[in-house]
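Here is the file my_file16.txt (compact mmCIF, N, CA and C atoms).
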```txt
# COMPACT_ATOMS: atom_id res chain seq x y z
N MET Y 1 19.70 8.22 8.42
CA MET Y 1 20.46 7.06 8.02
C MET Y 1 19.52 5.86 7.97
N LYS Y 2 19.82 4.92 7.09
CA LYS Y 2 19.04 3.70 6.96
C LYS Y 2 19.98 2.50 7.01
N PHE Y 3 19.46 1.41 7.53
CA PHE Y 3 20.17 0.14 7.42
C PHE Y 3 19.13 -0.96 7.25
N THR Y 4 19.58 -2.08 6.75
CA THR Y 4 18.69 -3.21 6.48
C THR Y 4 19.02 -4.36 7.40
N ILE Y 5 17.97 -5.02 7.88
CA ILE Y 5 18.10 -6.18 8.76
C ILE Y 5 17.37 -7.36 8.11
N SER Y 6 18.01 -8.50 8.09
CA SER Y 6 17.35 -9.74 7.66
C SER Y 6 16.72 -10.38 8.88
N THR Y 7 15.44 -10.73 8.76
CA THR Y 7 14.74 -11.33 9.90
C THR Y 7 14.19 -12.70 9.51
N GLN Y 8 13.82 -13.44 10.51
CA GLN Y 8 13.22 -14.76 10.30
C GLN Y 8 11.70 -14.74 10.46
N GLY Y 9 11.14 -13.58 10.87
CA GLY Y 9 9.71 -13.52 11.16
C GLY Y 9 9.41 -14.27 12.44
N HIS Y 10 8.14 -14.52 12.70
CA HIS Y 10 7.71 -15.33 13.86
C HIS Y 10 8.28 -14.82 15.18
N ASN Y 11 8.15 -13.50 15.41
CA ASN Y 11 8.64 -12.86 16.64
C ASN Y 11 10.16 -12.84 16.75
N ASP Y 12 10.84 -12.77 15.65
CA ASP Y 12 12.30 -12.65 15.65
C ASP Y 12 12.67 -11.34 16.33
N VAL Y 13 13.46 -11.41 17.40
CA VAL Y 13 13.87 -10.23 18.17
C VAL Y 13 15.34 -9.96 17.87
N ILE Y 14 15.62 -8.76 17.37
CA ILE Y 14 16.98 -8.40 16.97
C ILE Y 14 17.39 -7.13 17.70
N ASP Y 15 18.51 -7.20 18.41
CA ASP Y 15 19.05 -6.05 19.13
C ASP Y 15 19.70 -5.11 18.11
N ILE Y 16 19.18 -3.89 17.98
CA ILE Y 16 19.72 -2.92 17.03
C ILE Y 16 20.37 -1.74 17.75
N THR Y 17 20.61 -1.87 19.04
CA THR Y 17 21.13 -0.77 19.86
C THR Y 17 22.43 -0.20 19.31
N GLU Y 18 23.38 -1.05 19.00
CA GLU Y 18 24.69 -0.57 18.56
C GLU Y 18 24.61 0.17 17.23
N LYS Y 19 23.76 -0.30 16.32
CA LYS Y 19 23.60 0.40 15.04
C LYS Y 19 22.99 1.78 15.26
N VAL Y 20 22.03 1.87 16.19
CA VAL Y 20 21.40 3.16 16.48
C VAL Y 20 22.41 4.09 17.16
N LYS Y 21 23.20 3.57 18.09
CA LYS Y 21 24.23 4.38 18.75
C LYS Y 21 25.21 4.94 17.73
N GLU Y 22 25.56 4.15 16.75
CA GLU Y 22 26.49 4.59 15.70
C GLU Y 22 25.92 5.80 14.94
N VAL Y 23 24.65 5.76 14.65
CA VAL Y 23 24.00 6.89 13.97
C VAL Y 23 24.08 8.14 14.82
N VAL Y 24 23.82 8.01 16.11
CA VAL Y 24 23.85 9.17 17.01
C VAL Y 24 25.26 9.75 17.07
N VAL Y 25 26.26 8.92 17.17
CA VAL Y 25 27.65 9.40 17.21
C VAL Y 25 27.98 10.14 15.91
N ASN Y 26 27.62 9.56 14.78
CA ASN Y 26 27.92 10.18 13.48
C ASN Y 26 27.13 11.46 13.25
N ALA Y 27 25.96 11.57 13.86
CA ALA Y 27 25.14 12.78 13.70
C ALA Y 27 25.69 13.94 14.53
N ASP Y 28 26.52 13.63 15.50
CA ASP Y 28 27.12 14.65 16.37
C ASP Y 28 26.06 15.52 17.05
N VAL Y 29 24.97 14.90 17.47
CA VAL Y 29 23.92 15.58 18.22
C VAL Y 29 24.23 15.44 19.70
N LYS Y 30 24.33 16.56 20.40
CA LYS Y 30 24.67 16.53 21.82
C LYS Y 30 23.43 16.37 22.70
N LYS Y 31 22.31 17.00 22.27
CA LYS Y 31 21.08 16.92 23.05
C LYS Y 31 19.91 16.95 22.07
N GLY Y 32 18.99 16.00 22.25
CA GLY Y 32 17.83 15.97 21.36
C GLY Y 32 17.10 14.65 21.46
N LEU Y 33 16.61 14.20 20.31
CA LEU Y 33 15.85 12.95 20.24
C LEU Y 33 16.36 12.10 19.09
N CYS Y 34 16.22 10.80 19.27
CA CYS Y 34 16.54 9.85 18.22
C CYS Y 34 15.27 9.07 17.90
N LEU Y 35 14.85 9.14 16.64
CA LEU Y 35 13.67 8.41 16.17
C LEU Y 35 14.14 7.19 15.39
N ILE Y 36 13.63 6.03 15.78
CA ILE Y 36 13.91 4.78 15.08
C ILE Y 36 12.60 4.30 14.50
N PHE Y 37 12.56 4.07 13.19
CA PHE Y 37 11.31 3.71 12.51
C PHE Y 37 11.57 2.62 11.48
N CYS Y 38 10.65 1.68 11.41
CA CYS Y 38 10.70 0.62 10.41
C CYS Y 38 9.38 0.62 9.65
N PRO Y 39 9.42 1.00 8.36
CA PRO Y 39 8.19 0.98 7.58
C PRO Y 39 7.65 -0.44 7.47
N GLY Y 40 6.43 -0.63 7.84
CA GLY Y 40 5.82 -1.95 7.78
C GLY Y 40 4.74 -2.08 8.83
N SER Y 41 3.77 -2.90 8.52
CA SER Y 41 2.64 -3.08 9.44
C SER Y 41 2.69 -4.42 10.17
N THR Y 42 3.84 -5.10 10.11
CA THR Y 42 4.00 -6.38 10.82
C THR Y 42 5.31 -6.42 11.60
N VAL Y 43 5.73 -5.26 12.08
CA VAL Y 43 7.00 -5.13 12.79
C VAL Y 43 6.82 -4.19 13.96
N GLY Y 44 7.67 -4.31 14.97
CA GLY Y 44 7.65 -3.41 16.10
C GLY Y 44 9.06 -3.07 16.55
N ILE Y 45 9.19 -1.92 17.20
CA ILE Y 45 10.47 -1.52 17.81
C ILE Y 45 10.16 -1.08 19.23
N THR Y 46 10.95 -1.58 20.16
CA THR Y 46 10.72 -1.25 21.57
C THR Y 46 12.04 -1.38 22.33
N ALA Y 47 11.99 -1.09 23.62
CA ALA Y 47 13.12 -1.30 24.51
C ALA Y 47 12.83 -2.53 25.35
N LEU Y 48 13.84 -3.36 25.48
CA LEU Y 48 13.70 -4.62 26.19
C LEU Y 48 15.09 -5.06 26.63
N GLU Y 49 15.19 -5.72 27.76
CA GLU Y 49 16.46 -6.34 28.09
C GLU Y 49 16.64 -7.51 27.14
N ALA Y 50 17.62 -7.44 26.27
CA ALA Y 50 17.81 -8.47 25.24
C ALA Y 50 18.53 -9.68 25.83
N GLU Y 51 17.93 -10.26 26.81
CA GLU Y 51 18.45 -11.44 27.50
C GLU Y 51 17.61 -12.63 27.02
N PRO Y 52 18.23 -13.75 26.65
CA PRO Y 52 17.49 -14.85 26.02
C PRO Y 52 16.24 -15.33 26.75
N ASN Y 53 16.29 -15.45 28.07
CA ASN Y 53 15.10 -15.92 28.79
C ASN Y 53 13.97 -14.89 28.76
N LEU Y 54 14.33 -13.61 28.88
CA LEU Y 54 13.30 -12.57 28.81
C LEU Y 54 12.73 -12.50 27.39
N ILE Y 55 13.56 -12.67 26.39
CA ILE Y 55 13.06 -12.68 25.01
C ILE Y 55 12.07 -13.82 24.83
N ASN Y 56 12.37 -14.99 25.37
CA ASN Y 56 11.42 -16.11 25.29
C ASN Y 56 10.13 -15.81 26.05
N ASP Y 57 10.25 -15.17 27.22
CA ASP Y 57 9.05 -14.75 27.96
C ASP Y 57 8.22 -13.77 27.13
N PHE Y 58 8.89 -12.83 26.48
CA PHE Y 58 8.22 -11.84 25.65
C PHE Y 58 7.47 -12.52 24.50
N LYS Y 59 8.11 -13.48 23.86
CA LYS Y 59 7.47 -14.21 22.76
C LYS Y 59 6.24 -14.99 23.26
N GLU Y 60 6.36 -15.63 24.41
CA GLU Y 60 5.21 -16.35 25.00
C GLU Y 60 4.08 -15.38 25.34
N PHE Y 61 4.43 -14.22 25.88
CA PHE Y 61 3.44 -13.20 26.21
C PHE Y 61 2.68 -12.77 24.95
N LEU Y 62 3.40 -12.50 23.87
CA LEU Y 62 2.76 -12.10 22.61
C LEU Y 62 1.85 -13.21 22.08
N GLU Y 63 2.28 -14.44 22.22
CA GLU Y 63 1.47 -15.57 21.73
C GLU Y 63 0.17 -15.70 22.53
N LYS Y 64 0.25 -15.46 23.83
CA LYS Y 64 -0.96 -15.51 24.66
C LYS Y 64 -1.89 -14.34 24.35
N LEU Y 65 -1.29 -13.18 24.15
CA LEU Y 65 -2.07 -11.97 23.91
C LEU Y 65 -2.74 -11.99 22.53
N VAL Y 66 -1.97 -12.35 21.51
CA VAL Y 66 -2.47 -12.39 20.12
C VAL Y 66 -1.98 -13.69 19.49
N PRO Y 67 -2.73 -14.78 19.67
CA PRO Y 67 -2.29 -16.10 19.20
C PRO Y 67 -2.14 -16.17 17.67
N ALA Y 68 -1.07 -16.80 17.23
CA ALA Y 68 -0.82 -16.95 15.80
C ALA Y 68 -1.72 -18.01 15.17
N ASP Y 69 -2.21 -18.94 15.97
CA ASP Y 69 -2.99 -20.05 15.40
C ASP Y 69 -4.49 -19.77 15.33
N LYS Y 70 -4.89 -18.54 15.66
CA LYS Y 70 -6.30 -18.15 15.58
C LYS Y 70 -6.61 -17.69 14.15
N ASN Y 71 -7.84 -17.87 13.71
CA ASN Y 71 -8.25 -17.36 12.41
C ASN Y 71 -8.67 -15.89 12.57
N TYR Y 72 -8.03 -15.02 11.79
CA TYR Y 72 -8.33 -13.60 11.79
C TYR Y 72 -8.99 -13.23 10.46
N ARG Y 73 -9.93 -12.32 10.51
CA ARG Y 73 -10.62 -11.91 9.28
C ARG Y 73 -9.65 -11.36 8.24
N HIS Y 74 -8.60 -10.73 8.68
CA HIS Y 74 -7.60 -10.20 7.74
C HIS Y 74 -6.99 -11.32 6.88
N ASP Y 75 -6.89 -12.50 7.44
CA ASP Y 75 -6.31 -13.63 6.69
C ASP Y 75 -7.10 -13.94 5.43
N GLU Y 76 -8.39 -13.64 5.46
CA GLU Y 76 -9.24 -13.89 4.29
C GLU Y 76 -8.96 -12.89 3.16
N THR Y 77 -8.45 -11.71 3.52
CA THR Y 77 -8.21 -10.66 2.52
C THR Y 77 -7.10 -11.03 1.55
N TRP Y 78 -5.95 -11.43 2.08
CA TRP Y 78 -4.80 -11.71 1.22
C TRP Y 78 -4.38 -13.17 1.25
N GLY Y 79 -4.91 -13.95 2.15
CA GLY Y 79 -4.53 -15.35 2.25
C GLY Y 79 -3.15 -15.59 2.82
N GLU Y 80 -2.59 -14.58 3.48
CA GLU Y 80 -1.23 -14.72 4.02
C GLU Y 80 -1.18 -15.30 5.43
N LYS Y 81 -2.31 -15.41 6.09
CA LYS Y 81 -2.36 -15.94 7.46
C LYS Y 81 -1.43 -15.18 8.41
N ASN Y 82 -1.43 -13.84 8.29
CA ASN Y 82 -0.59 -13.05 9.17
C ASN Y 82 -1.37 -11.94 9.89
N GLY Y 83 -2.66 -12.16 10.04
CA GLY Y 83 -3.47 -11.18 10.77
C GLY Y 83 -2.92 -10.91 12.15
N PHE Y 84 -2.43 -11.94 12.80
CA PHE Y 84 -1.86 -11.80 14.14
C PHE Y 84 -0.68 -10.83 14.15
N SER Y 85 0.12 -10.85 13.09
CA SER Y 85 1.31 -10.00 13.06
C SER Y 85 0.94 -8.52 12.94
N HIS Y 86 -0.13 -8.22 12.24
CA HIS Y 86 -0.60 -6.84 12.14
C HIS Y 86 -1.11 -6.34 13.50
N LEU Y 87 -1.81 -7.19 14.22
CA LEU Y 87 -2.32 -6.81 15.54
C LEU Y 87 -1.18 -6.60 16.53
N ARG Y 88 -0.17 -7.45 16.47
CA ARG Y 88 0.99 -7.28 17.35
C ARG Y 88 1.70 -5.97 17.06
N SER Y 89 1.82 -5.62 15.78
CA SER Y 89 2.46 -4.37 15.40
C SER Y 89 1.66 -3.16 15.88
N ALA Y 90 0.35 -3.31 15.95
CA ALA Y 90 -0.48 -2.21 16.46
C ALA Y 90 -0.23 -1.98 17.94
N LEU Y 91 0.18 -3.03 18.65
CA LEU Y 91 0.48 -2.92 20.09
C LEU Y 91 1.92 -2.47 20.34
N ILE Y 92 2.86 -3.10 19.67
CA ILE Y 92 4.28 -2.75 19.77
C ILE Y 92 4.58 -1.97 18.50
N LYS Y 93 4.54 -0.68 18.55
CA LYS Y 93 4.58 0.20 17.38
C LYS Y 93 5.85 0.02 16.54
N PRO Y 94 5.79 0.40 15.25
CA PRO Y 94 6.97 0.28 14.39
C PRO Y 94 7.94 1.45 14.53
N PHE Y 95 7.84 2.19 15.63
CA PHE Y 95 8.76 3.30 15.89
C PHE Y 95 9.05 3.38 17.37
N PHE Y 96 10.16 4.05 17.68
CA PHE Y 96 10.57 4.21 19.07
C PHE Y 96 11.41 5.48 19.14
N VAL Y 97 11.27 6.24 20.22
CA VAL Y 97 12.01 7.49 20.39
C VAL Y 97 12.83 7.41 21.67
N VAL Y 98 14.09 7.82 21.58
CA VAL Y 98 14.99 7.80 22.72
C VAL Y 98 15.63 9.19 22.87
N PRO Y 99 15.67 9.73 24.09
CA PRO Y 99 16.35 11.02 24.29
C PRO Y 99 17.87 10.87 24.09
N ILE Y 100 18.48 11.99 23.71
CA ILE Y 100 19.94 12.07 23.58
C ILE Y 100 20.42 13.15 24.55
N GLU Y 101 21.39 12.82 25.37
CA GLU Y 101 22.04 13.77 26.29
C GLU Y 101 23.54 13.57 26.18
N ASN Y 102 24.27 14.67 26.09
CA ASN Y 102 25.74 14.60 25.99
C ASN Y 102 26.19 13.66 24.87
N GLY Y 103 25.45 13.64 23.78
CA GLY Y 103 25.83 12.84 22.61
C GLY Y 103 25.55 11.36 22.73
N GLU Y 104 24.82 10.95 23.78
CA GLU Y 104 24.55 9.52 23.98
C GLU Y 104 23.06 9.27 24.16
N LEU Y 105 22.63 8.08 23.72
CA LEU Y 105 21.26 7.66 23.96
C LEU Y 105 21.03 7.50 25.46
N ILE Y 106 19.89 7.93 25.94
CA ILE Y 106 19.56 7.75 27.35
C ILE Y 106 18.73 6.47 27.46
N LEU Y 107 19.40 5.40 27.81
CA LEU Y 107 18.76 4.09 28.01
C LEU Y 107 19.08 3.62 29.42
N GLY Y 108 18.17 2.86 29.99
CA GLY Y 108 18.42 2.26 31.30
C GLY Y 108 19.54 1.24 31.20
N THR Y 109 20.07 0.87 32.33
CA THR Y 109 21.19 -0.07 32.39
C THR Y 109 20.92 -1.34 31.61
N TRP Y 110 19.70 -1.84 31.68
CA TRP Y 110 19.38 -3.12 31.06
C TRP Y 110 18.51 -2.98 29.81
N GLN Y 111 18.40 -1.77 29.29
CA GLN Y 111 17.56 -1.56 28.11
C GLN Y 111 18.39 -1.64 26.83
N GLN Y 112 17.86 -2.39 25.89
CA GLN Y 112 18.37 -2.38 24.54
C GLN Y 112 17.20 -2.04 23.61
N ILE Y 113 17.54 -1.49 22.46
CA ILE Y 113 16.53 -1.20 21.45
C ILE Y 113 16.43 -2.44 20.56
N VAL Y 114 15.22 -2.99 20.46
CA VAL Y 114 15.05 -4.21 19.68
C VAL Y 114 14.00 -4.02 18.59
N LEU Y 115 14.25 -4.66 17.47
CA LEU Y 115 13.28 -4.77 16.40
C LEU Y 115 12.66 -6.15 16.53
N VAL Y 116 11.34 -6.22 16.44
CA VAL Y 116 10.64 -7.50 16.53
C VAL Y 116 9.85 -7.69 15.24
N ASP Y 117 10.18 -8.74 14.50
CA ASP Y 117 9.45 -9.03 13.27
C ASP Y 117 8.36 -10.04 13.59
N PHE Y 118 7.12 -9.58 13.51
CA PHE Y 118 5.96 -10.42 13.86
C PHE Y 118 5.46 -11.24 12.68
N ASP Y 119 5.92 -10.94 11.47
CA ASP Y 119 5.34 -11.55 10.28
C ASP Y 119 5.51 -13.07 10.27
N SER Y 120 4.81 -13.72 9.37
CA SER Y 120 4.80 -15.18 9.31
C SER Y 120 5.86 -15.73 8.35
N ARG Y 121 6.79 -14.87 7.96
CA ARG Y 121 7.85 -15.30 7.04
C ARG Y 121 9.08 -14.41 7.20
N PRO Y 122 10.23 -14.87 6.72
CA PRO Y 122 11.44 -14.02 6.76
C PRO Y 122 11.24 -12.77 5.91
N ARG Y 123 11.92 -11.70 6.32
CA ARG Y 123 11.79 -10.42 5.63
C ARG Y 123 13.13 -9.69 5.62
N GLN Y 124 13.25 -8.74 4.73
CA GLN Y 124 14.33 -7.75 4.76
C GLN Y 124 13.66 -6.49 5.29
N ARG Y 125 14.12 -5.98 6.40
CA ARG Y 125 13.52 -4.81 7.02
C ARG Y 125 14.46 -3.62 6.92
N GLU Y 126 13.93 -2.52 6.44
CA GLU Y 126 14.68 -1.27 6.40
C GLU Y 126 14.39 -0.51 7.69
N VAL Y 127 15.43 -0.07 8.35
CA VAL Y 127 15.29 0.69 9.59
C VAL Y 127 15.82 2.10 9.32
N ILE Y 128 15.01 3.09 9.63
CA ILE Y 128 15.37 4.48 9.45
C ILE Y 128 15.65 5.08 10.82
N VAL Y 129 16.80 5.71 10.96
CA VAL Y 129 17.18 6.33 12.23
C VAL Y 129 17.47 7.80 11.93
N ASP Y 130 16.81 8.68 12.66
CA ASP Y 130 17.02 10.12 12.46
C ASP Y 130 17.15 10.78 13.81
N THR Y 131 17.97 11.82 13.86
CA THR Y 131 18.18 12.54 15.11
C THR Y 131 17.67 13.97 14.97
N TYR Y 132 17.17 14.49 16.07
CA TYR Y 132 16.66 15.85 16.14
C TYR Y 132 17.33 16.52 17.32
N TYR Y 133 17.86 17.69 17.11
CA TYR Y 133 18.62 18.33 18.18
C TYR Y 133 17.85 19.44 18.85
N SER Y 134 18.29 19.74 20.04
CA SER Y 134 17.72 20.84 20.82
C SER Y 134 18.75 21.96 20.85
N LYS Y 135 18.29 23.18 20.78
CA LYS Y 135 19.20 24.34 20.85
C LYS Y 135 19.61 24.66 22.28
N ASP Y 136 18.97 24.01 23.25
CA ASP Y 136 19.29 24.26 24.66
C ASP Y 136 20.59 23.60 25.05
```
Let me see the structure of the file written as structure tokens.
Amino acid sequence: MKFTISTQGHNDVIDITEKVKEVVVNADVKKGLCLIFCPGSTVGITALEAEPNLINDFKEFLEKLVPADKNYRHDETWGEKNGFSHLRSALIKPFFVVPIENGELILGTWQQIVLVDFDSRPRQREVIVDTYYSKD
């Protein structure tokens, strides 16, 4: 299944947990894996407590780790000034895998699945969610 998300870029964090849960329910997989993937080299998917203060801490952490205001050699290639977003995506991968047990995603109490758009501009992001079942 695929769905599209509109993002603002600049570390926009979007909770996609409910959309992913919907796919798992519709797939009727009782035990297996759920793969969440977003094609793109300036986006990431991870688990995070989607609480506003933690999201702000996460954004500050990313800025310290890979500053947006630094000049990156990649910026010279296309002139988009988004080298930082590619590096962030290399750290926070554009895919995430969650186990499925008894037809439900196995997430911690405070874990949500979030898409993070690192790019320097708003985007339309396609998210692909697929389930894989176990015969056990």
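Distance check against Leu33 (chain Y) using only C-alpha atoms: of Y:Asn71, Y:Ser134, Y:Thr17, Y:Thr46, the minimum falls on Y:Ser134.
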Item to complete: Have a look at atom N of Leu107 (chain Y) and atom N of Lys21 (chain Y) and let me know their distance in Å, one decimal.
Response: 10.6 Å
Worksheet entry | Interatomic distance (Å, one decimal) between atom C of Val127 (chain Y) and CA of His74 (chain Y) |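 Value for the atom C of Val127 (chain Y)-CA of His74 (chain Y) distance: 26.5 Å.
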Around region 22-41 of chain Y, with edges along x, y and z and 4 Å added on all six sides, what centre and edge lengths do you get, in Å to one decimal, as JSON?
```
{"center_x": 15.3, "center_y": 6.3, "center_z": 15.3, "size_x": 33.3, "size_y": 29.4, "size_z": 23.6}
```
Worksheet item: With only C-alpha atoms as the basis for distance, which of Y:Lys59, Y:Val20, Y:Lys64, Y:Thr42 is at the shortest distance from Gly83 (chain Y)?
Response: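 Using only C-alpha atoms, the shortest distance to Gly83 (chain Y) belongs to Y:Thr42.
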Discussion item. What parts of chain Y does DSSP call strand (DSSP E)? I'd like the answer as number ranges by chain.
Written reply: Y: 2-7, 12-15, 31-37, 43-48, 95-101, 104-105, 112-117, 123-133
Worksheet entry | Selection near Leu35 (chain Y), 8 Å with only N, CA and C atoms, sequence-local residues under 6 positions removed, as JSON, numbers by chain | {"Y": [95, 96, 97, 98, 99, 128, 129, 130, 131, 132]}
Worksheet item: Given the choices Y:Val66, Y:Ala50, Y:Ala90, Y:Val25, which gets closest to Gln111 (chain Y) if the distance is worked out from all atoms listed in the file?
Response: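 Among the listed residues, the smallest separation from Gln111 (chain Y) belongs to Y:Ala50.
Nearest residue to Gly44 (chain Y) among Y:Gln124, Y:Asn102, Y:Ser89, Y:Asn26 is Y:Ser89, counting only N, CA and C atoms.
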Worksheet entry | Point-to-point distance in Å for atom N of Ile14 (chain Y) and CA of Asp69 (chain Y) |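 These two atoms are separated by 21.9 Å.
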Fill in: Test item: residues at most 9 Å from Ala27 (chain Y), only C-alpha atoms, excluding those fewer than 3 positions along its chain, as a list in words
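Listing them by chain and then by number gives Glu22, Val23, Val24, Lys30, Gly103, Asp130 and Thr131 of chain Y.
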Item to complete: Identify, with DSSP run on backbone atoms, the residues in chain Y assigned to helix (DSSP H, G or I), and express the list as a PyMOL selection string.
Response: chain Y and resi 17-27+52-65+73-78+83-91
Response to the item:
Of Y:Phe37, Y:Phe61, Y:Tyr72, Y:Trp110, the one nearest to Phe84 (chain Y) when counting only N, CA and C atoms is Y:Tyr72
Practice prompt. Would you kindly identify which residues have an atom no farther than 8 Å from (5.7, -6.9, 17.6), using all atoms listed in the file and the file's own coordinates, and write them out as a list in words?
Written response: Asn11, Thr42, Val43, Gly44, Ile45, Thr46, Leu62, Ser85, His86, Leu87, Arg88, Ser89, Ala90, Leu91, Ile92, Lys93, Pro94, Leu115, Val116, Asp117, Phe118 and Asp119 of chain Y
Extract, using only N, CA and C atoms, all DNA, RNA and protein residues at most 6.5 Å from Arg125 (chain Y), discarding same-chain residues fewer than 6 positions from it, and format them as a compact mmCIF listing (two decimals) with N, CA and C atoms, keeping the file's coordinate frame.
```txt
# COMPACT_ATOMS: atom_id res chain seq x y z
N PHE Y 3 19.46 1.41 7.53
CA PHE Y 3 20.17 0.14 7.42
C PHE Y 3 19.13 -0.96 7.25
N THR Y 4 19.58 -2.08 6.75
CA THR Y 4 18.69 -3.21 6.48
C THR Y 4 19.02 -4.36 7.40
N ILE Y 5 17.97 -5.02 7.88
CA ILE Y 5 18.10 -6.18 8.76
C ILE Y 5 17.37 -7.36 8.11
N SER Y 6 18.01 -8.50 8.09
CA SER Y 6 17.35 -9.74 7.66
C SER Y 6 16.72 -10.38 8.88
N THR Y 7 15.44 -10.73 8.76
CA THR Y 7 14.74 -11.33 9.90
C THR Y 7 14.19 -12.70 9.51
```
Item to complete: Name the residues in contact with Gln112 (chain Y) at a cut-off of 6 Å, using only C-alpha atoms, excluding same-chain residues fewer than 4 positions from it; report them as a ChimeraX atom specification.
Response: /Y:17,47-49
Item to complete: Give the answer as one residue: which of Y:Ile113, Y:Ile106, Y:Gly9, Y:Glu101 has the shortest atom-to-atom distance to Gly32 (chain Y), using only C-alpha atoms?
Response: Y:Glu101
